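Visitor: The structure that follows is given in the form of structure tokens.
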2 protein chains.
Amino acid sequence: MRGLVIVYTGNGKGKTTAALGQAIRAVGSGLKVLILQFIKGGQRYGELETLEILKNAGLTAEIRQCGLGFTSRGEKENHKAAAAETLKIAREEILSGKFDMIILDEINYAVKFGLLTEDEMLDLVKIRPPELHLILTGRDASEKLIEIADLVTEMKAVKHPFEKGIKAQKGIEF
Amino acid sequence: MRGLVIVYTGNGKGKTTAALGQAIRAVGSGLKVLILQFIKGGQRYGELETLEILKNAGLTAEIRQCGLGFTSRGEKENHKAAAAETLKIAREEILSGKFDMIILDEINYAVKFGLLTEDEMLDLVKIRPPELHLILTGRDASEKLIEIADLVTEMKAVKHPFEKGIKAQKGIEF
């Protein structure tokens with residue numbers, strides 16, 4: 001069985017949730033899954049509670065929030081240091097053989113914003129064991145990543161509630 | 001709190017998985033979720049196992065596969081009868097007040113293929129209690145649905161592994 005390189009990109013809602021749904025399907029099929037979040041950190045998203053329950057039931061469904069939140073907050077240098085540390089963890093876990101699927105959440109955003117180089121990101125794809133599924137999310141995926149990926153979906157925003165002045169809601173946005 | 005009407009459409013992978021990820025986030029935030037599948041039936045998808053675990057842990061995370069599989073298989077009349085039955089369940093559960101979020105998986109496909117009328121589908125949106133989140137998935141969402149929805153994402157296939165001759169894989173496609 002060959003692992004797939006899957007990319008969820010675009011400006012629409014559904015990239016991280018699609019990766020999360022993929023993780024849920026995978027763990028239910030007996031795969032071991034790690035979600036590494038390059039940007040998110042701190043905030044209690046609903047999925048953390050759910051994955052905790054799955055973990056307690058004996059499934060391998062880990063999530064690690066390694067970021068400092070979106071980069072509008074705080075110093076760019078701090079975000080860069082966090083991204084470098086997350087990259088290091090990603091390399092180690094990709095090579096560890098402990099997981100069947102690793103989700104690199106918002107890594108495209110980290111590259112786009114200059115927290116990581118494109119080569120550092122592409123290198124994670126190149127070093128992966130051939131049976132490992134790798135999912136990379138975030139808007140503005142690089143052309144080179146799209147070239148080497150197996151499956152690429154662009155999530156296009158047709159309509160977004162914030163345009164209508166509706167606020168982010170518990171259970172939907174977080 | 002106002003419930004949102006969310007549509008995941010388009011020809012790319014990620015529609016059902018995004019809805020599933022949304023469900024996982026929602027139940028982790030304490031919301032009660034029902035997933036009604038208009039097309040899928042029979043096959044053991046990984047998410048069924050996962051949702052079972054969450055249910056046993058006391059969360060309200062129900063999934064009901066009411067379809068007969070994709071319509072290439074079997075008589076159209078049988079698919080129509082199954083869709084009519086699913087529609088009935090959807091109406092009842094939408095009005096029941098038992099859930100905070102209901103996912104109508106592949107309902108757009110059911111309309112497109114003539115198993116349901118557009119009006120029957122739109123009616124589900126119209127009758128919903130204002131606080132209920134409703135998520136409708138499937139390619140070729142109708143124009144009228146897009147008009148009344150709060151959030152619409154088009155999942156566009158940029159690249160799909162079946163083009164490369166890679167087969168559907170456990171934990172990824174099912």
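Ordered as shown in the structure tokens, chains take letters A, B, and onward, while each chain numbers its residues from 1 and ligands are numbered from 1 in the order shown.
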Any idea which chain B residues end up within 9 Å of chain A if we count only C-alpha atoms, as a PyMOL selection string please?
Guide: chain B and resi 1-2+4+8+10+12-31+45-51+53-54+57+133+146+149-162+164+166+169-174
Visitor: Give the strand (DSSP E or B) residues of region 34-135 of chain A, as DSSP finds them on the backbone, and put them as a PyMOL selection string.
Guide: chain A and resi 34-37+61-65+101-105+133-135
Visitor: Restricted to C-alpha atoms, what would the selected residues look like written as a PDB file, in the first residue's frame?
Guide:
```pdb
ATOM      1  CA  LEU A  34      -0.880  12.483  14.181  1.00  0.00           C
ATOM      2  CA  ILE A  35      -2.104  16.028  13.590  1.00  0.00           C
ATOM      3  CA  LEU A  36       0.605  18.678  13.874  1.00  0.00           C
ATOM      4  CA  GLN A  37      -0.682  22.227  13.875  1.00  0.00           C
ATOM      5  CA  ALA A  61      -5.241   9.962  17.375  1.00  0.00           C
ATOM      6  CA  GLU A  62      -2.798  12.593  18.531  1.00  0.00           C
ATOM      7  CA  ILE A  63      -3.040  16.314  18.032  1.00  0.00           C
ATOM      8  CA  ARG A  64      -0.300  18.771  18.903  1.00  0.00           C
ATOM      9  CA  GLN A  65      -0.858  22.490  18.694  1.00  0.00           C
ATOM     10  CA  MET A 101      -1.007   9.310   8.569  1.00  0.00           C
ATOM     11  CA  ILE A 102       0.440  12.679   9.527  1.00  0.00           C
ATOM     12  CA  ILE A 103      -1.468  15.907   9.007  1.00  0.00           C
ATOM     13  CA  LEU A 104       0.609  19.070   8.697  1.00  0.00           C
ATOM     14  CA  ASP A 105      -2.104  21.586   9.420  1.00  0.00           C
ATOM     15  CA  HIS A 133      -0.079   9.252   4.190  1.00  0.00           C
ATOM     16  CA  LEU A 134       0.784  12.937   4.442  1.00  0.00           C
ATOM     17  CA  ILE A 135      -1.867  15.666   4.406  1.00  0.00           C
TER      18      ILE A 135
END
```
Visitor: Measuring atom to atom with only C-alpha atoms, identify which of A:Ile127, A:Ala168, A:Cys66, A:Leu115 is nearest to Gly97 (chain A).
Guide: A:Ile127
Visitor: I need the residues of region 112-150 of chain A that end up classed as helix (DSSP H, G or I) by DSSP on the backbone, written out as a PyMOL selection string.
Guide: chain A and resi 112+118-127+143-148
Visitor: Could you save the residues just selected, with N, CA, C and O atoms, as an mmCIF file, in the first residue's frame?
Guide:
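Contents of selection-v4.cif, as written:
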```cif
data_model
loop_
_atom_site.group_PDB
_atom_site.id
_atom_site.type_symbol
_atom_site.label_atom_id
_atom_site.label_comp_id
_atom_site.auth_asym_id
_atom_site.auth_seq_id
_atom_site.Cartn_x
_atom_site.Cartn_y
_atom_site.Cartn_z
ATOM 1 N N LYS A 112 3.852 30.412 3.165
ATOM 2 C CA LYS A 112 3.415 31.656 2.526
ATOM 3 C C LYS A 112 3.826 32.884 3.350
ATOM 4 O O LYS A 112 4.242 33.904 2.814
ATOM 5 N N GLU A 118 9.990 27.094 1.377
ATOM 6 C CA GLU A 118 9.308 26.099 0.552
ATOM 7 C C GLU A 118 10.103 24.787 0.561
ATOM 8 O O GLU A 118 9.524 23.702 0.633
ATOM 9 N N ASP A 119 11.413 24.895 0.492
ATOM 10 C CA ASP A 119 12.249 23.684 0.470
ATOM 11 C C ASP A 119 12.131 22.871 1.754
ATOM 12 O O ASP A 119 12.127 21.647 1.714
ATOM 13 N N GLU A 120 12.048 23.553 2.885
ATOM 14 C CA GLU A 120 11.882 22.830 4.157
ATOM 15 C C GLU A 120 10.582 22.023 4.141
ATOM 16 O O GLU A 120 10.534 20.882 4.611
ATOM 17 N N MET A 121 9.549 22.624 3.570
ATOM 18 C CA MET A 121 8.249 21.943 3.493
ATOM 19 C C MET A 121 8.304 20.778 2.514
ATOM 20 O O MET A 121 7.868 19.663 2.828
ATOM 21 N N LEU A 122 8.857 21.027 1.332
ATOM 22 C CA LEU A 122 8.935 19.965 0.315
ATOM 23 C C LEU A 122 9.776 18.794 0.807
ATOM 24 O O LEU A 122 9.508 17.631 0.489
ATOM 25 N N ASP A 123 10.785 19.117 1.596
ATOM 26 C CA ASP A 123 11.670 18.088 2.126
ATOM 27 C C ASP A 123 10.893 17.085 2.992
ATOM 28 O O ASP A 123 11.193 15.881 2.976
ATOM 29 N N LEU A 124 9.902 17.557 3.714
ATOM 30 C CA LEU A 124 9.085 16.657 4.551
ATOM 31 C C LEU A 124 8.368 15.622 3.678
ATOM 32 O O LEU A 124 8.203 14.474 4.070
ATOM 33 N N VAL A 125 7.948 16.054 2.499
ATOM 34 C CA VAL A 125 7.279 15.123 1.583
ATOM 35 C C VAL A 125 8.292 14.107 1.054
ATOM 36 O O VAL A 125 8.010 12.913 0.967
ATOM 37 N N LYS A 126 9.482 14.623 0.764
ATOM 38 C CA LYS A 126 10.498 13.753 0.135
ATOM 39 C C LYS A 126 11.049 12.695 1.082
ATOM 40 O O LYS A 126 11.351 11.583 0.657
ATOM 41 N N ILE A 127 11.188 13.024 2.340
ATOM 42 C CA ILE A 127 11.801 12.064 3.277
ATOM 43 C C ILE A 127 10.806 11.025 3.798
ATOM 44 O O ILE A 127 11.201 10.081 4.463
ATOM 45 N N GLU A 143 3.273 25.827 -5.943
ATOM 46 C CA GLU A 143 3.171 25.094 -7.212
ATOM 47 C C GLU A 143 3.931 23.769 -7.161
ATOM 48 O O GLU A 143 3.472 22.749 -7.654
ATOM 49 N N LYS A 144 5.104 23.835 -6.548
ATOM 50 C CA LYS A 144 5.933 22.621 -6.493
ATOM 51 C C LYS A 144 5.286 21.542 -5.636
ATOM 52 O O LYS A 144 5.411 20.359 -5.920
ATOM 53 N N LEU A 145 4.609 21.943 -4.575
ATOM 54 C CA LEU A 145 3.914 20.963 -3.738
ATOM 55 C C LEU A 145 2.781 20.318 -4.540
ATOM 56 O O LEU A 145 2.593 19.101 -4.514
ATOM 57 N N ILE A 146 2.036 21.140 -5.261
ATOM 58 C CA ILE A 146 0.919 20.625 -6.068
ATOM 59 C C ILE A 146 1.435 19.620 -7.100
ATOM 60 O O ILE A 146 0.824 18.587 -7.355
ATOM 61 N N GLU A 147 2.621 19.935 -7.648
ATOM 62 C CA GLU A 147 3.234 19.037 -8.629
ATOM 63 C C GLU A 147 3.527 17.649 -8.066
ATOM 64 O O GLU A 147 3.289 16.644 -8.728
ATOM 65 N N ILE A 148 4.066 17.591 -6.849
ATOM 66 C CA ILE A 148 4.466 16.278 -6.314
ATOM 67 C C ILE A 148 3.348 15.582 -5.527
ATOM 68 O O ILE A 148 3.492 14.416 -5.163
#
```
